[in-house]
Amino acid sequence: MPSTSAGIVSGLTAAALVTVGVLAYQASATVPASLGTSRLSGEPAAVVSKAPRDTKHPAALPPGSGKGERVVYSVDDDRVWLVGADDRVRRTFQVTPGTVDPAPGTYFVTSRSNSVTGTDGIPIEHVVRFAGVDGVTIGFSAAVEGSTPAATPAAPAARTGGIRESRADGDAMWDFATIGHKVIVIR
């Protein structure tokens with residue numbers, strides 16, 4: 001009967017993970033919008049205005065994008081930086097955003113899923129969620145077959161919050177941004 005016990009334990013574990021994810025989503029949906037941009041840890045807030053970019057090095061980390069270990073996401077440049085505790089960029093990459101952008105500010109990773117189906121019907125993996133806008137969950141993910149929302153658009157009226165990365169970049173994000181990890185959104 002060990003296989004039956006293992007099945008029960010697996011089922012209970014899956015149910016617990018789903019429950020925690022639902023509770024985290026419900027909690028994030030009831031947080032006032034101003035809380036996402038407040039200084040929750042006493043650290044300086046990221047600059048929320050459009051920071052001047054280094055035109056010779058467009059992938060350079062923008063000034064005013066926070067301090068310490070963090071994910072930095074530019075909604076204007078569709079670029080992500082994974083920044084270590086020493087403020088050095090570990091990895092940077094382009095992304096394809098959904099139709100709904102988070103407001104500039106400081107957020108924290110609230111939930112993660114190894115694999116789900118995206119709102120565009122595409123199987124996605126390594127989902128890292130950090131915000132919500134009017135009922136739309138915002139997070140990073142990678143399509144299992146490597147497509148981006150631009151290549152496989154959802155219905156024109158669909159409101160999507162998935163920020164699509166390549167699978168390699170999704171793997172890096174998954175390893176880097178665990179629950180509670182800081183995410184700085186800039187213009």
# chains A, B, ... in the order shown; residues from 1 in each chain; ligands from 1

call {"tool": "residues_around", "arguments": {"residues": "Thr117 of chain A", "least_positions_apart": "5", "cutoff": "10 Å", "atoms": "only C-alpha atoms", "output": "ChimeraX atom specification"}}
result
/A:122-125,143-144

call {"tool": "write_last_selection", "arguments": {"atoms": "all heavy atoms", "output": "mmCIF file, in the first residue's frame"}}
result
data_model
loop_
_atom_site.group_PDB
_atom_site.id
_atom_site.type_symbol
_atom_site.label_atom_id
_atom_site.label_comp_id
_atom_site.auth_asym_id
_atom_site.auth_seq_id
_atom_site.Cartn_x
_atom_site.Cartn_y
_atom_site.Cartn_z
ATOM 1 N N ILE A 122 -1.812 29.027 -23.933
ATOM 2 C CA ILE A 122 -0.512 28.390 -24.142
ATOM 3 C C ILE A 122 -0.013 27.815 -22.817
ATOM 4 O O ILE A 122 -0.049 28.506 -21.793
ATOM 5 C CB ILE A 122 0.514 29.429 -24.677
ATOM 6 C CG1 ILE A 122 0.024 30.076 -25.962
ATOM 7 C CG2 ILE A 122 1.900 28.837 -24.821
ATOM 8 C CD1 ILE A 122 -0.026 29.149 -27.140
ATOM 9 N N PRO A 123 0.489 26.558 -22.819
ATOM 10 C CA PRO A 123 1.103 26.023 -21.598
ATOM 11 C C PRO A 123 2.354 26.843 -21.252
ATOM 12 O O PRO A 123 3.211 27.063 -22.108
ATOM 13 C CB PRO A 123 1.474 24.589 -21.972
ATOM 14 C CG PRO A 123 0.601 24.257 -23.149
ATOM 15 C CD PRO A 123 0.421 25.557 -23.887
ATOM 16 N N ILE A 124 2.425 27.310 -19.996
ATOM 17 C CA ILE A 124 3.564 28.105 -19.552
ATOM 18 C C ILE A 124 4.195 27.466 -18.325
ATOM 19 O O ILE A 124 3.571 26.645 -17.650
ATOM 20 C CB ILE A 124 3.163 29.572 -19.249
ATOM 21 C CG1 ILE A 124 2.035 29.637 -18.224
ATOM 22 C CG2 ILE A 124 2.776 30.293 -20.531
ATOM 23 C CD1 ILE A 124 1.651 31.046 -17.801
ATOM 24 N N GLU A 125 5.442 27.858 -18.063
ATOM 25 C CA GLU A 125 6.159 27.300 -16.917
ATOM 26 C C GLU A 125 6.883 28.415 -16.166
ATOM 27 O O GLU A 125 7.034 29.525 -16.676
ATOM 28 C CB GLU A 125 7.159 26.245 -17.377
ATOM 29 C CG GLU A 125 8.277 26.785 -18.252
ATOM 30 C CD GLU A 125 9.221 25.726 -18.767
ATOM 31 O OE1 GLU A 125 9.043 24.539 -18.442
ATOM 32 O OE2 GLU A 125 10.153 26.087 -19.497
ATOM 33 N N ALA A 143 6.739 30.322 -22.140
ATOM 34 C CA ALA A 143 5.917 29.337 -22.842
ATOM 35 C C ALA A 143 6.728 28.055 -23.001
ATOM 36 O O ALA A 143 7.907 28.097 -23.358
ATOM 37 C CB ALA A 143 5.485 29.855 -24.204
ATOM 38 N N VAL A 144 6.100 26.922 -22.731
ATOM 39 C CA VAL A 144 6.790 25.637 -22.819
ATOM 40 C C VAL A 144 7.345 25.421 -24.220
ATOM 41 O O VAL A 144 8.458 24.936 -24.389
ATOM 42 C CB VAL A 144 5.854 24.483 -22.394
ATOM 43 C CG1 VAL A 144 6.488 23.134 -22.645
ATOM 44 C CG2 VAL A 144 5.470 24.646 -20.930
#

call {"tool": "residues_around", "arguments": {"residues": "Arg112 of chain A", "least_positions_apart": "3", "cutoff": "9 Å", "atoms": "only C-alpha atoms", "output": "PyMOL selection string"}}
result
chain A and resi 21+109+126-130+139+174+178-179

call {"tool": "residues_around", "arguments": {"residues": "segment 74-83 of chain A", "least_positions_apart": "4", "cutoff": "10 Å", "atoms": "only C-alpha atoms", "output": "VMD selection string"}}
result
chain A and resid 50 to 51 53 58 to 62 65 to 70 87 to 97 101 to 104 140 163 to 165 169 172 to 173 176 to 177 183 to 187

call {"tool": "write_last_selection", "arguments": {"atoms": "N, CA and C atoms", "output": "CSV table (one decimal), in the first residue's frame"}}
result
chain,number,residue,atom,x,y,z
A,50,LYS,N,10.7,58.1,-15.5
A,50,LYS,CA,11.5,57.5,-16.6
A,50,LYS,C,13.0,57.9,-16.3
A,51,ALA,N,13.8,57.0,-16.0
A,51,ALA,CA,15.2,57.3,-15.7
A,51,ALA,C,16.0,57.4,-17.1
A,53,ARG,N,18.5,56.7,-19.8
A,53,ARG,CA,19.2,55.4,-20.2
A,53,ARG,C,20.6,55.7,-20.8
A,58,PRO,N,22.4,50.1,-23.9
A,58,PRO,CA,21.0,50.1,-23.6
A,58,PRO,C,20.6,49.0,-22.6
A,59,ALA,N,21.4,48.0,-22.4
A,59,ALA,CA,21.1,46.9,-21.5
A,59,ALA,C,21.6,47.2,-20.1
A,60,ALA,N,22.3,48.3,-19.9
A,60,ALA,CA,22.8,48.7,-18.6
A,60,ALA,C,21.7,49.0,-17.6
A,61,LEU,N,21.9,48.6,-16.4
A,61,LEU,CA,20.9,48.8,-15.3
A,61,LEU,C,20.7,50.3,-15.2
A,62,PRO,N,19.4,50.7,-15.3
A,62,PRO,CA,19.1,52.2,-15.1
A,62,PRO,C,19.4,52.7,-13.7
A,65,SER,N,17.1,52.5,-9.8
A,65,SER,CA,16.3,51.3,-9.8
A,65,SER,C,16.4,50.4,-8.5
A,66,GLY,N,16.7,51.1,-7.4
A,66,GLY,CA,16.7,50.3,-6.2
A,66,GLY,C,18.1,49.9,-5.7
A,67,LYS,N,18.2,49.2,-4.6
A,67,LYS,CA,19.4,48.8,-4.0
A,67,LYS,C,19.3,47.3,-3.6
A,68,GLY,N,20.4,46.6,-3.5
A,68,GLY,CA,20.3,45.2,-3.0
A,68,GLY,C,19.8,44.2,-4.1
A,69,GLU,N,19.6,43.0,-3.6
A,69,GLU,CA,19.2,41.9,-4.5
A,69,GLU,C,17.7,42.2,-4.9
A,70,ARG,N,17.5,42.1,-6.2
A,70,ARG,CA,16.2,42.5,-6.7
A,70,ARG,C,16.0,42.1,-8.2
A,87,ASP,N,24.6,44.7,-5.9
A,87,ASP,CA,24.1,45.6,-7.0
A,87,ASP,C,24.7,45.4,-8.3
A,88,ARG,N,25.2,44.2,-8.6
A,88,ARG,CA,25.8,43.9,-9.9
A,88,ARG,C,24.7,43.0,-10.7
A,89,VAL,N,24.6,43.3,-11.9
A,89,VAL,CA,23.6,42.6,-12.8
A,89,VAL,C,24.1,41.2,-13.0
A,90,ARG,N,23.3,40.2,-12.7
A,90,ARG,CA,23.6,38.8,-12.9
A,90,ARG,C,23.1,38.4,-14.3
A,91,ARG,N,22.0,39.0,-14.8
A,91,ARG,CA,21.5,38.6,-16.1
A,91,ARG,C,20.5,39.7,-16.5
A,92,THR,N,20.4,40.0,-17.8
A,92,THR,CA,19.4,40.9,-18.3
A,92,THR,C,18.9,40.4,-19.6
A,93,PHE,N,17.6,40.6,-19.8
A,93,PHE,CA,17.0,40.1,-21.0
A,93,PHE,C,15.7,40.8,-21.4
A,94,GLN,N,15.4,40.7,-22.7
A,94,GLN,CA,14.2,41.3,-23.2
A,94,GLN,C,13.0,40.4,-22.9
A,95,VAL,N,11.8,41.0,-22.7
A,95,VAL,CA,10.6,40.3,-22.4
A,95,VAL,C,9.5,40.8,-23.3
A,96,THR,N,8.4,40.1,-23.4
A,96,THR,CA,7.2,40.5,-24.2
A,96,THR,C,6.1,40.6,-23.1
A,97,PRO,N,5.6,41.9,-22.9
A,97,PRO,CA,4.6,42.0,-21.9
A,97,PRO,C,3.2,41.6,-22.3
A,101,ASP,N,0.0,46.5,-17.7
A,101,ASP,CA,1.3,46.8,-17.0
A,101,ASP,C,1.1,47.1,-15.5
A,102,PRO,N,2.0,46.7,-14.7
A,102,PRO,CA,2.0,47.1,-13.3
A,102,PRO,C,2.4,48.6,-13.2
A,103,ALA,N,2.0,49.3,-12.2
A,103,ALA,CA,2.4,50.7,-11.9
A,103,ALA,C,3.9,50.6,-11.4
A,104,PRO,N,4.7,51.6,-11.7
A,104,PRO,CA,6.0,51.7,-11.2
A,104,PRO,C,6.0,51.6,-9.7
A,140,PHE,N,5.9,37.0,-14.3
A,140,PHE,CA,6.8,36.5,-15.4
A,140,PHE,C,6.5,35.0,-15.7
A,163,ILE,N,4.1,38.4,-18.4
A,163,ILE,CA,5.3,39.0,-19.0
A,163,ILE,C,6.1,37.8,-19.5
A,164,ARG,N,6.1,37.6,-20.8
A,164,ARG,CA,6.7,36.4,-21.3
A,164,ARG,C,8.2,36.5,-21.6
A,165,GLU,N,8.9,35.5,-21.1
A,165,GLU,CA,10.4,35.4,-21.2
A,165,GLU,C,10.7,34.1,-22.1
A,169,ASP,N,15.6,32.3,-20.0
A,169,ASP,CA,15.4,33.4,-19.1
A,169,ASP,C,14.4,33.0,-18.0
A,172,ALA,N,16.2,31.1,-15.3
A,172,ALA,CA,17.0,32.0,-14.5
A,172,ALA,C,16.1,32.8,-13.5
A,173,MET,N,15.0,33.3,-14.0
A,173,MET,CA,14.1,34.0,-13.1
A,173,MET,C,13.6,33.0,-12.0
A,176,PHE,N,16.1,32.6,-9.4
A,176,PHE,CA,16.5,33.8,-8.7
A,176,PHE,C,15.4,34.4,-7.8
A,177,ALA,N,14.1,34.4,-8.3
A,177,ALA,CA,13.0,35.2,-7.6
A,177,ALA,C,12.1,34.2,-6.9
A,183,VAL,N,10.8,43.0,-6.3
A,183,VAL,CA,10.6,43.3,-7.7
A,183,VAL,C,10.4,44.8,-7.8
A,184,ILE,N,11.3,45.5,-8.6
A,184,ILE,CA,11.2,46.9,-8.8
A,184,ILE,C,10.7,47.2,-10.2
A,185,VAL,N,9.6,47.9,-10.3
A,185,VAL,CA,9.0,48.2,-11.6
A,185,VAL,C,9.3,49.7,-11.9
A,186,ILE,N,10.0,49.9,-13.1
A,186,ILE,CA,10.3,51.3,-13.5
A,186,ILE,C,9.7,51.6,-14.8
A,187,ARG,N,9.6,52.8,-15.2
A,187,ARG,CA,9.2,53.2,-16.6
A,187,ARG,C,10.3,52.9,-17.5

call {"tool": "atom_distance", "arguments": {"atom1": "atom CA of Val116 of chain A", "atom2": "atom CA of Val133 of chain A"}}
result
20.0 Å

call {"tool": "closest_residue", "arguments": {"among": "A:Gly84, A:Gly170, A:Gly161, A:Gly180", "to": "Ala142 of chain A", "atoms": "only C-alpha atoms"}}
result
A:Gly170

call {"tool": "atom_distance", "arguments": {"atom1": "atom CA of Lys182 of chain A", "atom2": "atom CA of Thr137 of chain A"}}
result
16.6 Å

call {"tool": "select_by_dssp", "arguments": {"residues": "segment 75-106 of chain A", "states": "strand (DSSP E)", "output": "CSV table (one decimal) with C-alpha atoms, in the first residue's frame"}}
result
chain,number,residue,atom,x,y,z
A,79,ARG,CA,13.6,44.5,-20.2
A,80,VAL,CA,14.4,42.7,-17.0
A,81,TRP,CA,17.6,42.8,-14.9
A,82,LEU,CA,18.3,40.2,-12.2
A,83,VAL,CA,20.5,42.1,-9.7
A,89,VAL,CA,23.6,42.6,-12.8
A,90,ARG,CA,23.6,38.8,-12.9
A,91,ARG,CA,21.5,38.6,-16.1
A,92,THR,CA,19.4,40.9,-18.3
A,93,PHE,CA,17.0,40.1,-21.0
A,94,GLN,CA,14.2,41.3,-23.2
A,105,GLY,CA,7.0,50.9,-7.6
A,106,THR,CA,8.3,48.2,-5.3

call {"tool": "closest_residue", "arguments": {"among": "A:Gly146, A:Gly98, A:Pro63, A:Gly135", "to": "Thr119 of chain A", "atoms": "only C-alpha atoms"}}
result
A:Gly98

call {"tool": "decode", "arguments": {"residues": "segment 50-89 of chain A", "atoms": "N, CA and C atoms", "output": "short mmCIF file (atom, residue, chain, number, x, y, z; two decimals), in the first residue's frame"}}
result
data_model
loop_
_atom_site.label_atom_id
_atom_site.label_comp_id
_atom_site.auth_asym_id
_atom_site.auth_seq_id
_atom_site.Cartn_x
_atom_site.Cartn_y
_atom_site.Cartn_z
N LYS A 50 10.68 58.06 -15.55
CA LYS A 50 11.53 57.51 -16.59
C LYS A 50 12.97 57.92 -16.33
N ALA A 51 13.83 56.96 -16.01
CA ALA A 51 15.24 57.25 -15.74
C ALA A 51 15.99 57.39 -17.06
N PRO A 52 16.96 58.31 -17.13
CA PRO A 52 17.73 58.43 -18.37
C PRO A 52 18.51 57.15 -18.61
N ARG A 53 18.52 56.69 -19.83
CA ARG A 53 19.20 55.44 -20.17
C ARG A 53 20.57 55.72 -20.78
N ASP A 54 21.46 54.78 -20.61
CA ASP A 54 22.79 54.84 -21.22
C ASP A 54 22.62 54.44 -22.68
N THR A 55 22.69 55.40 -23.59
CA THR A 55 22.42 55.13 -25.00
C THR A 55 23.50 54.25 -25.64
N LYS A 56 24.71 54.27 -25.09
CA LYS A 56 25.79 53.40 -25.62
C LYS A 56 25.63 51.97 -25.14
N HIS A 57 24.96 51.80 -23.99
CA HIS A 57 24.76 50.47 -23.40
C HIS A 57 23.30 50.33 -22.97
N PRO A 58 22.40 50.10 -23.93
CA PRO A 58 20.98 50.07 -23.59
C PRO A 58 20.58 48.98 -22.60
N ALA A 59 21.40 47.95 -22.44
CA ALA A 59 21.09 46.89 -21.49
C ALA A 59 21.63 47.19 -20.10
N ALA A 60 22.29 48.34 -19.92
CA ALA A 60 22.83 48.71 -18.61
C ALA A 60 21.70 48.96 -17.63
N LEU A 61 21.93 48.60 -16.38
CA LEU A 61 20.93 48.81 -15.33
C LEU A 61 20.66 50.30 -15.17
N PRO A 62 19.40 50.73 -15.27
CA PRO A 62 19.10 52.16 -15.13
C PRO A 62 19.39 52.67 -13.72
N PRO A 63 19.87 53.91 -13.62
CA PRO A 63 20.07 54.49 -12.28
C PRO A 63 18.71 54.67 -11.60
N GLY A 64 18.73 54.65 -10.27
CA GLY A 64 17.50 54.85 -9.52
C GLY A 64 16.58 53.65 -9.52
N SER A 65 17.13 52.46 -9.75
CA SER A 65 16.29 51.26 -9.81
C SER A 65 16.39 50.41 -8.55
N GLY A 66 16.70 51.06 -7.43
CA GLY A 66 16.72 50.35 -6.16
C GLY A 66 18.11 49.94 -5.73
N LYS A 67 18.17 49.25 -4.61
CA LYS A 67 19.43 48.77 -4.04
C LYS A 67 19.26 47.33 -3.58
N GLY A 68 20.35 46.59 -3.55
CA GLY A 68 20.34 45.23 -3.05
C GLY A 68 19.80 44.23 -4.06
N GLU A 69 19.64 42.99 -3.61
CA GLU A 69 19.17 41.93 -4.49
C GLU A 69 17.73 42.20 -4.91
N ARG A 70 17.48 42.15 -6.23
CA ARG A 70 16.15 42.49 -6.73
C ARG A 70 16.01 42.10 -8.19
N VAL A 71 14.77 42.06 -8.64
CA VAL A 71 14.43 41.98 -10.06
C VAL A 71 14.00 43.39 -10.44
N VAL A 72 14.54 43.91 -11.54
CA VAL A 72 14.13 45.21 -12.04
C VAL A 72 13.44 44.97 -13.38
N TYR A 73 12.24 45.55 -13.53
CA TYR A 73 11.47 45.40 -14.75
C TYR A 73 11.11 46.77 -15.29
N SER A 74 11.54 47.08 -16.51
CA SER A 74 11.20 48.34 -17.16
C SER A 74 10.02 48.10 -18.10
N VAL A 75 8.89 48.75 -17.80
CA VAL A 75 7.71 48.58 -18.64
C VAL A 75 7.87 49.32 -19.97
N ASP A 76 8.69 50.37 -20.01
CA ASP A 76 8.91 51.09 -21.27
C ASP A 76 9.89 50.38 -22.19
N ASP A 77 10.91 49.75 -21.60
CA ASP A 77 11.95 49.10 -22.40
C ASP A 77 11.72 47.60 -22.58
N ASP A 78 10.70 47.04 -21.92
CA ASP A 78 10.43 45.59 -21.98
C ASP A 78 11.70 44.80 -21.69
N ARG A 79 12.36 45.16 -20.60
CA ARG A 79 13.62 44.52 -20.22
C ARG A 79 13.60 44.22 -18.73
N VAL A 80 14.27 43.13 -18.36
CA VAL A 80 14.40 42.69 -16.98
C VAL A 80 15.88 42.58 -16.63
N TRP A 81 16.22 42.97 -15.40
CA TRP A 81 17.55 42.79 -14.86
C TRP A 81 17.42 41.98 -13.58
N LEU A 82 18.24 40.95 -13.43
CA LEU A 82 18.34 40.21 -12.17
C LEU A 82 19.60 40.74 -11.49
N VAL A 83 19.42 41.40 -10.34
CA VAL A 83 20.51 42.12 -9.69
C VAL A 83 20.84 41.45 -8.36
N GLY A 84 22.13 41.17 -8.14
CA GLY A 84 22.58 40.53 -6.91
C GLY A 84 22.64 41.50 -5.74
N ALA A 85 22.92 40.95 -4.56
CA ALA A 85 22.99 41.75 -3.33
C ALA A 85 24.07 42.83 -3.42
N ASP A 86 25.08 42.61 -4.26
CA ASP A 86 26.17 43.57 -4.43
C ASP A 86 25.84 44.63 -5.49
N ASP A 87 24.59 44.68 -5.94
CA ASP A 87 24.11 45.62 -6.96
C ASP A 87 24.72 45.39 -8.34
N ARG A 88 25.24 44.21 -8.58
CA ARG A 88 25.77 43.87 -9.91
C ARG A 88 24.73 43.05 -10.67
N VAL A 89 24.58 43.34 -11.94
CA VAL A 89 23.62 42.64 -12.78
C VAL A 89 24.11 41.21 -13.02
#
